[in-house]
Structure formats: C-alpha cells, structure tokens
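Q: Quick one: the structure is below, questions incoming.
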There are 2 protein chains.
Amino acid sequence: MFVAIMGYGVIGSGVAAVLKQNQEKICKRTGLDSIEVKYILDLRTFPGDPNEHLVTSDFNKIVNDPEVKIVVETMGGTKPAFDFVLACLKAGKSVVTSNKELVAAKGYELLKAAKENNVNFMFEASVGGGIPIIRPLTRCLAANEIVEIAGILNGTTNFILTKMITEGMSFEDALAVAQKLGYAERDPSADVDGYDALRKICILASLCYGKHVYPEGIHVEGIRGITAQDVAYAKSIDSVIKLIGSASAIEGSDKINIMVSPAIIRNGSQLASTNDVFNAVLVRGNMVDDVVFYGRGAGSLPTASAVVADVMDCAINSDKTKPFGWEDSTESNAAPYSDFVAPFYVRMAGDKAKVDAAFGASIKYITCENAPCDEIAFTAEPMAVKDLEAKLRATGADVKSVIRITDY
Amino acid sequence: MFVAIMGYGVIGSGVAAVLKQNQEKICKRTGLDSIEVKYILDLRTFPGDPNEHLVTSDFNKIVNDPEVKIVVETMGGTKPAFDFVLACLKAGKSVVTSNKELVAAKGYELLKAAKENNVNFMFEASVGGGIPIIRPLTRCLAANEIVEIAGILNGTTNFILTKMITEGMSFEDALAVAQKLGYAERDPSADVDGYDALRKICILASLCYGKHVYPEGIHVEGIRGITAQDVAYAKSIDSVIKLIGSASAIEGSDKINIMVSPAIIRNGSQLASTNDVFNAVLVRGNMVDDVVFYGRGAGSLPTASAVVADVMDCAINSDKTKPFGWEDSTESNAAPYSDFVAPFYVRMAGDKAKVDAAFGASIKYITCENAPCDEIAFTAEPMAVKDLEAKLRATGADVKSVIRITDY
C-alpha cells in the first residue's frame, strides 16, 4: 500500500522513519504485504536525505494518484493544510494528521467530509504526541459519561514550571533555559500564553461532550504571571502549580466548564508527578473514576508513532468510516468563566482586616518560607469566579495571583 | 440489540448497571436503537433484584437464541467458562470477558475460534480493570516494537505495600487491614503470592510479543517475604518496593524476560506514585519511549465500564473480526529466570569481608535508620541471577532479601 506525507518537518520525517524502521511489524499487524511512502510534499528540497527522490512540490500528484490510499498531513497551520486535507478526503483517501490547529478549527467539517466519502480522518497525534488518548477516550471509555477531562497538554510550559518547582528558578530564567535547550521558541507565546494547550483541550472536549468546541472565546491564562513566590506557597500546602487544560460537565446543564489556566495540584497525584516535557491527561468517568495517560507529548518519533498507528488503523478499516460522535455546534456549549466554581489560592498585598471583612470564615491563610512581610496569601472555599472577584475588589488590595485549586 | 451476561457477581451486575445508567450515550455512540440485557446466567437466584426476571440457569437459552448477538462472560475460572465461551463463538456470537484466568489459559484458542466464526473475542477488562490497556497496546502503540511492558497489576498487594511504605506497617498487619477492608480474601494467596499478576502479565506479553505466553513455568515471587526493613532500605535510596509484572525483549534473541516479583522503583516515577488499590502499566516502545496508563484495576463499575466498551466495539464491528496478532506457541518464548540480568538489592546477615571477597567493587553498601547491627545491605551492579546467586552462596551468609532494581 502507498502512503503520501505532506510536510517533511520534525514529525513528517519521523513518520517516514517509523514506517521504515518498524515496517516488518507494521505489515504483520495490518496484514498488508507492504507499506511504502510514495510522495513527500514539501516546497523545500532535501539534498542527501534518503527520501530525497520522493519529495515533490506538486500536490496534484498526490491527490490524483489512485495508488495513494492514505495521506499523512504534518504541515501544521490551516492554510493550505485544510484545503489539501479536504481535497484528499473528497478524492477517497483517508487522512491522518498531527495538526492540532487544523483539528481544533475544522475537526467537525473534516470528519463530516470523511464520512461522506466513506474514508477516515484520524488525529491521535494532535493531542498528547505519542500518548494514546483520542482512541482510548472514544473507544475504551465510551461506556462512561465524562465528568471531567484535565491535562498537562504542553511540554514547554511543564518544563518551565518543573524548573521553577525543583530549582526555585524565576519564570524568566526557566524560559531562557527552555529556549537554550530548544524546548521553547524564540517567540514563546503560543506555549507560555496557553494557546497550544487551548487547542488540545478543545479537541478533547469536542470528543468528550459530542459538540465541536471552538477555541475562540474560551478562557485562557498562561504561566507568565506565576512567580517563585506562588510556587513556594503551593509547596507549603503540599502542592505544585501546573498549566492545566480542563473541561467538565455541569450537573443539570448541557453546558461545560472549559479553560486553560495554571492550577494548584496536590503532591502525590499523577498530574503532580508529571515533570519536564512529559504530558499527562486525566479522564474522570462516571463509571471508571480517574484514569491517567502519561508520556511524551511531543518529539519526532513519539508523535510519529501515534501518526503511524492511525495509518495502520486506516489500512485495516479501509472500507468503513469510524464514528467519532463529534457534532457541529452553532452555539457554544462553553459556560462563562465568571460562573466557574472552584476553591482558589490568592496572593496579594493588603491587610487581613479587609480580607476578613470581605471573605469572613471562608478562607484560610497560608504562609511559606521567605514570604515578604507586606504580602498575604490564602486559600478560599469553592465559589464562583465572579463572586471571588467581587470580594477581592471589596478588599481594595493589590491582587498578585489568583490560581484555582483542583481535586485531582 | 440483545446481550446476555453469564455470571451475576460483582462485575456482571456492574455491567448490567452501566448498560442501564449510560444507555442513552451508549446507543448514540454505537448507532444502535437500543441495547438490552435479555438473559443473566447464574445458578443463584436474586430475589428483589431489578434484573431478577432475566436470571436463568439454562445456558442453552442463551446459545440458542439468535437475537443474542453479544455475550458477556463474568463468571471467572475456566470451567465451565471456556466451554460456554467457545460454544457462543461457534454459534456466531461475539464474546466479551473480564476473566484473566480464561484469557491467560485459552486466549489463543478463543481468538482463533472467533476468527473462524467471523465474530469477536474481546478482553479489555481482563487486565487493569477499568484502565484502557489492551486496545491502546494493540492499536495506538501498534507502530512500536515493545522494548518492555511493566505494571502494578494487582490492587491488593499494592494496597498492602502502600501501607508498609507510608505507615511502616509489617506485611502481616497490612494484610490484616486489607482483609478487614475487603481488599484481600481470607485466603490471600492468589494476590500476595503473585498469581493474579502473573496471569495479567502473560496476557500483556502475549499481545506485545505475538505468541501465547502460558503462566506455567514463569518466575513468580509474591510479597510475603518483604519486611519493613526492606521498605526502609529502599527509602534510603529514594525508592519504594512495588510488586511488578514485567516482560521485555532480549536484544538479538526471540526470547523474552518475563516475571512477577517485588521490584525497587525510584521515587518520582509514575509507578512509584501509584498507591493504594490503583494499578498502572508502563509500556516502553522503541519509538514512543515510556507511556503509562493509570487507574482503578478492579471494582464493579470501573471493570464493567471496560467490559461495556468492548461490547460497544463488538456492536460497531459486528461484521468483522479484529486482528490481535496473538499466535499459538508450542515452545515457550520465556527465557530462564536464572539468565535475567538486572541490578539487585540484597539484605543479609553476614560480614562485609566475605561479601567484598565475592563481589569486589561491583556493590555499594547502603544503610538506613534503625538498621539492625547484625545485618548488611547493598546494591549490586547488573548481573545475571545465576551469577548473583553463586556469589551470594560464596559469602556463606544468611541471605534475607534479594530484590531487583528497575530503571522506570
């Protein structure tokens, strides 16, 4: 069987490598005689690369070749990826992608096109890199109502936070280390401001709650505002700070809470012990309780291994479109962030008398080593964001950090 | 669609409950109009149970009813489960089981029968309860050669070890607590001697390495011999002791190392932070590196949720047998345990001069709080079990504990 790869970057070249190195096993498991890359679409040339002769800049070669049954899209972005993917699906080819931006923006539309053309559109690698999460969520946990899904979905920010937690670094210093090691881009905004994680939680929420959740308008906070002081206060309550994308059902409503923000997580839990560039996704089902999936959320070969697993699934199920139960949504099912209820940690300059006046007995002051004497910090009992904000305004204090506290 | 459940115990009744409680979602996800339990096979009666009217003691009613397309086997044991399951497959019904004993003993034979009759035999719930592991292993990680698979596969022993680690309890006291809480049977042998974990690692190894690995003859050690002293020594090297079932490829050989035994695991890793009755399975692929699956390894609803996911998969794939790549093995592919190479921890009564004479520079002495003065403990560099044993014999010492040290 012949495959085409569109985009010969980090992941695309990994896909070619995995297909070659594990070819024997892949054929045995799929029952195929052979699986071979016929074209690699890229505008660049790759002199000396073992696959140099496969590279073409002409998309039409791929879409018009009836021998190509499966197309791998690892170009990134939505233009021209969306047009190319749609054309391939319409030409009767299954498509596998690692492109979270494409799936978050156009997942419903592409799944619909796949169904109409009796082919498959698969995207295991778009969330969590090599970690199996899409398939376990849609198949293995299919008998559950998903109460909540929450994950450490971005390796760069998790690396930075790990440095801050284990070595007491500032955000700026930890970011510089991440950039030096190649974990963070020179413009780190997509990672540190939470937009990468946002796309991934939108994909997961679409799968869990059956309606396309578009990233626009969802509450997203990154980690630029987290200080070494916040990390120290979290430690004093035996916890760590992680950047969490989460989506949860609201009882008695068809809306969901969905957000990306820093969160305080108790030590000893699986998410708290997910360090460095590793990712982890927690799924809380109404029957199975908590299940956690952990592994490398990025990287050439781990991500490629997830892409190739999808390719194999497309090969085995070439005659049948697998259902994902992901419908379109004209109206957003995301509840306003201001209504989100949780316990919170607060750090502020200010005096306790005013805090006590505003909050009464619903808070607990916390301290930590080397706490500045002009600062106070406390944890507040569960309340809606808007209520918390109103009370904080009533204190008249200079609020420095507000971080939600999770129960996982 | 109609389903039958054979065995109305903890898991069988959970299956009925999940099918009822999440019916709407299950139908939506599978595209079925309805999914209903038509028979429950059990020799007991259940007066007052909402499903009382479905209970029958006559297997023939099930096997001869063409309306029943999927049969759930939650009886346990191999007799009469094997005969019943085989008869159902031959009658053209897909079968889903949670019965690890059945799968470990007869997996190949039943998969073969399923294939011959164009139906499915699925067993996600047989390992790791509600944790998705079988399907991720055979589908999502299918593009990998599996370097090693290792897991905390038994909740009872993990609960006992957690009590020993966190509260310094003796094995006997921790077992008594587990029995009091209903986590351990009055005769706890199947759990504490490692036989339950053995069946599960045999199933996982059969899937990872493509040949049926039968439990007979595999090295199995339980946790009866672990003392509070061993736990303290492990702590002194920032580690914990867990009961691990593992299987790993041997480079340049088609044999595998497979065993169940206590193992020393460094703190901070996902397996080390898997506590109480929770299970976790680590899969090390040649492309994806380490992936870990964590969750409840037992319990009525978690396990039932895995069974029902298989039922849904059977419903969706009613026209097609899913391949598992699990072949028969006339000759065992398990390498002898005496050839297994690893670093080890040793605790003994004896004197250092004789230990130094036998081991030279390949060991490192360790100490811990309250260590008895007539005991010594050390960690030894990687060596084969038979070499370690020969050296230990040469010391002439009374060896109290030998525990392998893992790198995960």
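In the structure tokens, chains take the letters A, B, ... in the order shown, each chain's residues start at 1, and ligands count up from 1 in the order shown.
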Do me a favour and pick out the residues of chain A within 8 Å of chain B, using only C-alpha atoms, as a VMD selection string.
A: chain A and resid 18 to 19 22 25 to 26 28 to 29 130 to 132 135 to 136 139 to 145 268 to 270 273 to 274 287 to 296 301 to 306 308 to 310 312 to 313 323 to 325
Q: Do a neighbour search on Phe171 of chain A at 8 Å with only C-alpha atoms, toss out local chain neighbours closer than 3 positions, and write the hits as a ChimeraX atom specification.
A: /A:160-161,164,174-175,224,226-228
Q: Now that the selection is made, can you save its residues with all heavy atoms as a CSV table (one decimal), in the first residue's frame?
A:
```csv
chain,number,residue,atom,x,y,z
A,160,ILE,N,9.2,24.4,32.0
A,160,ILE,CA,9.5,25.7,32.7
A,160,ILE,C,9.0,25.6,34.2
A,160,ILE,O,9.7,26.0,35.1
A,160,ILE,CB,8.8,26.9,32.0
A,160,ILE,CG1,9.5,27.1,30.6
A,160,ILE,CG2,8.8,28.2,32.8
A,160,ILE,CD1,8.8,28.1,29.7
A,161,LEU,N,7.8,25.1,34.4
A,161,LEU,CA,7.2,25.0,35.7
A,161,LEU,C,8.0,24.0,36.6
A,161,LEU,O,8.3,24.3,37.8
A,161,LEU,CB,5.7,24.6,35.7
A,161,LEU,CG,4.8,25.7,35.2
A,161,LEU,CD1,3.4,25.1,35.0
A,161,LEU,CD2,4.7,26.9,36.2
A,164,MET,N,11.0,25.8,37.8
A,164,MET,CA,10.6,26.7,38.9
A,164,MET,C,10.3,26.0,40.2
A,164,MET,O,10.7,26.4,41.3
A,164,MET,CB,9.3,27.5,38.5
A,164,MET,CG,9.6,28.5,37.3
A,164,MET,SD,8.1,29.3,36.7
A,164,MET,CE,7.8,30.4,38.1
A,174,ALA,N,13.8,30.3,33.8
A,174,ALA,CA,13.4,28.9,33.3
A,174,ALA,C,13.0,29.0,31.8
A,174,ALA,O,13.4,28.1,31.1
A,174,ALA,CB,12.2,28.4,34.1
A,175,LEU,N,12.4,30.1,31.4
A,175,LEU,CA,12.1,30.2,30.0
A,175,LEU,C,13.4,30.3,29.2
A,175,LEU,O,13.5,29.6,28.1
A,175,LEU,CB,11.3,31.5,29.7
A,175,LEU,CG,11.1,31.9,28.3
A,175,LEU,CD1,10.3,30.8,27.5
A,175,LEU,CD2,10.3,33.2,28.2
A,224,ARG,N,3.0,33.2,32.5
A,224,ARG,CA,3.9,34.4,32.7
A,224,ARG,C,3.7,35.0,34.0
A,224,ARG,O,4.7,35.6,34.6
A,224,ARG,CB,3.6,35.4,31.6
A,224,ARG,CG,4.1,35.1,30.2
A,224,ARG,CD,3.9,36.3,29.3
A,224,ARG,NE,3.8,36.0,27.9
A,224,ARG,CZ,4.8,36.0,27.1
A,224,ARG,NH1,6.0,36.3,27.5
A,224,ARG,NH2,4.7,35.7,25.8
A,226,ILE,N,3.1,33.5,36.9
A,226,ILE,CA,3.5,32.7,38.0
A,226,ILE,C,4.9,33.1,38.5
A,226,ILE,O,5.8,33.1,37.8
A,226,ILE,CB,3.5,31.2,37.6
A,226,ILE,CG1,2.1,30.8,37.0
A,226,ILE,CG2,3.8,30.3,38.8
A,226,ILE,CD1,1.0,30.9,37.9
A,227,THR,N,5.0,33.3,39.8
A,227,THR,CA,6.3,33.7,40.4
A,227,THR,C,6.8,32.6,41.3
A,227,THR,O,6.1,31.6,41.7
A,227,THR,CB,6.2,34.9,41.3
A,227,THR,OG1,5.3,34.6,42.4
A,227,THR,CG2,5.5,36.1,40.5
A,228,ALA,N,8.1,32.7,41.6
A,228,ALA,CA,8.7,31.7,42.5
A,228,ALA,C,8.0,31.7,43.9
A,228,ALA,O,7.9,30.7,44.6
A,228,ALA,CB,10.2,32.0,42.7
```
Q: Which residues are near Tyr195 of chain B? Cut-off 10 Å, only C-alpha atoms, ignore same chain within fewer than 4 positions. Put them as a list of chain:residue names.
A: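 Selected residues are B:Glu101, B:Asn154, B:Ser189, B:Ala190, B:Asp191, B:Arg199, B:Lys200, B:Ile201, B:Pro215, B:Val220, B:Glu221, B:Gly222, B:Val260.
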Q: Determine which residues of segment 243-351 of chain A DSSP labels as alpha helix (DSSP H) from the backbone of this structure, then write them out as a list of chain:residue names.
A: A:Ser300, A:Leu301, A:Pro302, A:Thr303, A:Ala304, A:Ser305, A:Ala306, A:Val307, A:Val308, A:Ala309, A:Asp310, A:Val311, A:Met312, A:Asp313, A:Cys314, A:Ala315, A:Ile316
Q: Please produce a file of those selected residues containing N, CA and C atoms, as a PDB file, in the first residue's frame.
A:
```
ATOM      1  N   SER A 300       9.782  14.028  17.615  1.00  0.00           N
ATOM      2  CA  SER A 300       9.622  13.439  16.293  1.00  0.00           C
ATOM      3  C   SER A 300       9.086  12.003  16.346  1.00  0.00           C
ATOM      4  N   LEU A 301       9.820  11.096  16.969  1.00  0.00           N
ATOM      5  CA  LEU A 301       9.428   9.687  16.911  1.00  0.00           C
ATOM      6  C   LEU A 301       8.201   9.362  17.765  1.00  0.00           C
ATOM      7  N   PRO A 302       8.089   9.887  18.986  1.00  0.00           N
ATOM      8  CA  PRO A 302       6.849   9.615  19.738  1.00  0.00           C
ATOM      9  C   PRO A 302       5.605  10.067  18.978  1.00  0.00           C
ATOM     10  N   THR A 303       5.624  11.286  18.454  1.00  0.00           N
ATOM     11  CA  THR A 303       4.453  11.775  17.729  1.00  0.00           C
ATOM     12  C   THR A 303       4.228  10.957  16.467  1.00  0.00           C
ATOM     13  N   ALA A 304       5.330  10.648  15.775  1.00  0.00           N
ATOM     14  CA  ALA A 304       5.215   9.841  14.555  1.00  0.00           C
ATOM     15  C   ALA A 304       4.631   8.468  14.858  1.00  0.00           C
ATOM     16  N   SER A 305       4.960   7.914  16.011  1.00  0.00           N
ATOM     17  CA  SER A 305       4.440   6.581  16.337  1.00  0.00           C
ATOM     18  C   SER A 305       2.917   6.627  16.444  1.00  0.00           C
ATOM     19  N   ALA A 306       2.373   7.747  16.947  1.00  0.00           N
ATOM     20  CA  ALA A 306       0.908   7.890  17.011  1.00  0.00           C
ATOM     21  C   ALA A 306       0.315   8.075  15.615  1.00  0.00           C
ATOM     22  N   VAL A 307       1.015   8.837  14.760  1.00  0.00           N
ATOM     23  CA  VAL A 307       0.552   9.016  13.381  1.00  0.00           C
ATOM     24  C   VAL A 307       0.491   7.664  12.670  1.00  0.00           C
ATOM     25  N   VAL A 308       1.548   6.882  12.826  1.00  0.00           N
ATOM     26  CA  VAL A 308       1.614   5.594  12.116  1.00  0.00           C
ATOM     27  C   VAL A 308       0.554   4.621  12.641  1.00  0.00           C
ATOM     28  N   ALA A 309       0.266   4.681  13.941  1.00  0.00           N
ATOM     29  CA  ALA A 309      -0.809   3.830  14.471  1.00  0.00           C
ATOM     30  C   ALA A 309      -2.129   4.167  13.779  1.00  0.00           C
ATOM     31  N   ASP A 310      -2.373   5.460  13.570  1.00  0.00           N
ATOM     32  CA  ASP A 310      -3.578   5.868  12.838  1.00  0.00           C
ATOM     33  C   ASP A 310      -3.533   5.380  11.389  1.00  0.00           C
ATOM     34  N   VAL A 311      -2.371   5.461  10.770  1.00  0.00           N
ATOM     35  CA  VAL A 311      -2.228   4.965   9.389  1.00  0.00           C
ATOM     36  C   VAL A 311      -2.597   3.483   9.339  1.00  0.00           C
ATOM     37  N   MET A 312      -2.108   2.733  10.334  1.00  0.00           N
ATOM     38  CA  MET A 312      -2.413   1.300  10.375  1.00  0.00           C
ATOM     39  C   MET A 312      -3.911   1.069  10.554  1.00  0.00           C
ATOM     40  N   ASP A 313      -4.531   1.863  11.412  1.00  0.00           N
ATOM     41  CA  ASP A 313      -5.968   1.738  11.638  1.00  0.00           C
ATOM     42  C   ASP A 313      -6.741   2.045  10.350  1.00  0.00           C
ATOM     43  N   CYS A 314      -6.300   3.074   9.617  1.00  0.00           N
ATOM     44  CA  CYS A 314      -6.934   3.399   8.327  1.00  0.00           C
ATOM     45  C   CYS A 314      -6.777   2.237   7.353  1.00  0.00           C
ATOM     46  N   ALA A 315      -5.600   1.605   7.370  1.00  0.00           N
ATOM     47  CA  ALA A 315      -5.358   0.485   6.454  1.00  0.00           C
ATOM     48  C   ALA A 315      -6.275  -0.687   6.777  1.00  0.00           C
ATOM     49  N   ILE A 316      -6.435  -0.966   8.075  1.00  0.00           N
ATOM     50  CA  ILE A 316      -7.280  -2.093   8.485  1.00  0.00           C
ATOM     51  C   ILE A 316      -8.754  -1.786   8.210  1.00  0.00           C
TER      52      ILE A 316
END
```
Q: Choose the residue, out of B:Glu109, B:Glu73, B:Asp187, B:Asp254, that has the smallest atom-to-atom separation from Glu331 of chain B; count only C-alpha atoms.
A: B:Asp254
Q: Write out as a list in words the residues lying within 7 Å of Phe123 of chain A, counting only C-alpha atoms and excluding same-chain residues fewer than 2 positions away.
A: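 Final neighbour list, sorted by chain and number: Val96, Thr97, Ser98, Phe121, Ala125 and Ser126 of chain A.
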Q: Write out as a PDB file with N, CA and C atoms, in the first residue's frame which residues come within 7 Å of segment 380-390 of chain A when counting only C-alpha atoms, dropping same-chain ones fewer than 5 positions away.
A:
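Final output, around.pdb:
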```
ATOM      1  N   SER A 338     -16.809  33.305  34.290  1.00  0.00           N
ATOM      2  CA  SER A 338     -17.166  34.014  35.526  1.00  0.00           C
ATOM      3  C   SER A 338     -18.083  33.180  36.427  1.00  0.00           C
ATOM      4  N   ASP A 339     -18.755  32.190  35.843  1.00  0.00           N
ATOM      5  CA  ASP A 339     -19.628  31.315  36.630  1.00  0.00           C
ATOM      6  C   ASP A 339     -18.907  30.083  37.171  1.00  0.00           C
ATOM      7  N   PHE A 340     -17.642  29.892  36.775  1.00  0.00           N
ATOM      8  CA  PHE A 340     -16.897  28.685  37.171  1.00  0.00           C
ATOM      9  C   PHE A 340     -16.675  28.677  38.684  1.00  0.00           C
ATOM     10  N   VAL A 341     -17.015  27.545  39.307  1.00  0.00           N
ATOM     11  CA  VAL A 341     -16.893  27.431  40.767  1.00  0.00           C
ATOM     12  C   VAL A 341     -15.722  26.523  41.143  1.00  0.00           C
ATOM     13  N   ALA A 342     -14.839  27.004  41.999  1.00  0.00           N
ATOM     14  CA  ALA A 342     -13.703  26.199  42.463  1.00  0.00           C
ATOM     15  C   ALA A 342     -13.140  26.848  43.716  1.00  0.00           C
ATOM     16  N   PRO A 343     -12.350  26.082  44.471  1.00  0.00           N
ATOM     17  CA  PRO A 343     -11.563  26.746  45.509  1.00  0.00           C
ATOM     18  C   PRO A 343     -10.385  27.463  44.836  1.00  0.00           C
ATOM     19  N   PHE A 344      -9.940  28.554  45.417  1.00  0.00           N
ATOM     20  CA  PHE A 344      -8.849  29.331  44.816  1.00  0.00           C
ATOM     21  C   PHE A 344      -7.764  29.657  45.833  1.00  0.00           C
ATOM     22  N   TYR A 345      -6.565  29.864  45.304  1.00  0.00           N
ATOM     23  CA  TYR A 345      -5.441  30.412  46.073  1.00  0.00           C
ATOM     24  C   TYR A 345      -5.300  31.869  45.637  1.00  0.00           C
ATOM     25  N   SER A 362     -14.599  31.989  55.172  1.00  0.00           N
ATOM     26  CA  SER A 362     -14.469  31.082  54.023  1.00  0.00           C
ATOM     27  C   SER A 362     -13.039  30.974  53.492  1.00  0.00           C
ATOM     28  N   ILE A 363     -12.074  31.566  54.195  1.00  0.00           N
ATOM     29  CA  ILE A 363     -10.687  31.467  53.724  1.00  0.00           C
ATOM     30  C   ILE A 363      -9.768  30.947  54.822  1.00  0.00           C
ATOM     31  N   LYS A 364      -8.572  30.544  54.380  1.00  0.00           N
ATOM     32  CA  LYS A 364      -7.571  30.009  55.309  1.00  0.00           C
ATOM     33  C   LYS A 364      -6.244  30.632  54.911  1.00  0.00           C
TER      34      LYS A 364
END
```
Q: Please measure the separation of atom CA of Arg393 of chain A and atom CA of Met348 of chain A, giving the value in Å to one decimal.
A: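 Taking atom CA of Arg393 of chain A and atom CA of Met348 of chain A, their separation equals 11.6 Å.
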Q: Identify, on the basis of only C-alpha atoms, every residue whose closest approach to Cys88 of chain A does not exceed 8 Å; exclude the query and any residue fewer than 6 positions from it along the same chain; express the result as a count of residues only.
A: 4
Q: Looking only at the backbone, which of the residues in segment 108-237 of chain A does DSSP tag as strand (DSSP E or B), as a ChimeraX atom specification?
A: /A:121-122,146-152,211,219-220
Q: Skipping near chain neighbours, those fewer than 6 positions away, what residues fall within 7 Å of segment 42-50 of chain A using only C-alpha atoms, listed as a list in words?
A: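 In the requested form, the answer reads Met6, Gly7, Tyr8, Thr56 and Ser57 of chain A.
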Q: Suppose we keep N, CA, C and O atoms; can you now write the selection as a PDB file, in the first residue's frame?
A:
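Just written: selection-v2.pdb:
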```pdb
ATOM      1  N   MET A   6       2.525  14.842   3.680  1.00  0.00           N
ATOM      2  CA  MET A   6       2.541  16.261   3.318  1.00  0.00           C
ATOM      3  C   MET A   6       3.214  17.042   4.449  1.00  0.00           C
ATOM      4  O   MET A   6       2.661  17.145   5.543  1.00  0.00           O
ATOM      5  N   GLY A   7       4.410  17.569   4.182  1.00  0.00           N
ATOM      6  CA  GLY A   7       5.160  18.303   5.202  1.00  0.00           C
ATOM      7  C   GLY A   7       6.274  17.440   5.766  1.00  0.00           C
ATOM      8  O   GLY A   7       6.008  16.495   6.499  1.00  0.00           O
ATOM      9  N   TYR A   8       7.513  17.768   5.405  1.00  0.00           N
ATOM     10  CA  TYR A   8       8.647  16.895   5.797  1.00  0.00           C
ATOM     11  C   TYR A   8       9.466  17.581   6.890  1.00  0.00           C
ATOM     12  O   TYR A   8      10.670  17.758   6.770  1.00  0.00           O
ATOM     13  N   THR A  56       8.206  16.138  -3.613  1.00  0.00           N
ATOM     14  CA  THR A  56       7.602  16.889  -4.714  1.00  0.00           C
ATOM     15  C   THR A  56       6.951  18.149  -4.145  1.00  0.00           C
ATOM     16  O   THR A  56       6.577  18.183  -2.968  1.00  0.00           O
ATOM     17  N   SER A  57       6.828  19.180  -4.979  1.00  0.00           N
ATOM     18  CA  SER A  57       6.115  20.372  -4.509  1.00  0.00           C
ATOM     19  C   SER A  57       4.720  20.447  -5.137  1.00  0.00           C
ATOM     20  O   SER A  57       4.005  21.416  -4.959  1.00  0.00           O
TER      21      SER A  57
END
```
Q: Which value, in Å to one decimal, gives the distance between atom CA of Ala232 of chain B and atom CA of Gly168 of chain B?
A: 8.3 Å
Q: Counting only C-alpha atoms, figure out which residue out of A:Glu24, A:Glu251, A:Asp58, A:Glu67 gets nearest to Met1 of chain A.
A: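 So, comparing all the options, the nearest one is A:Glu67.
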Q: Can you tell me how far atom CA of Ala334 of chain B sits from atom CA of Ala113 of chain B, in Å to one decimal?
A: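 Rounded to one decimal, the two atoms are 25.3 Å apart.
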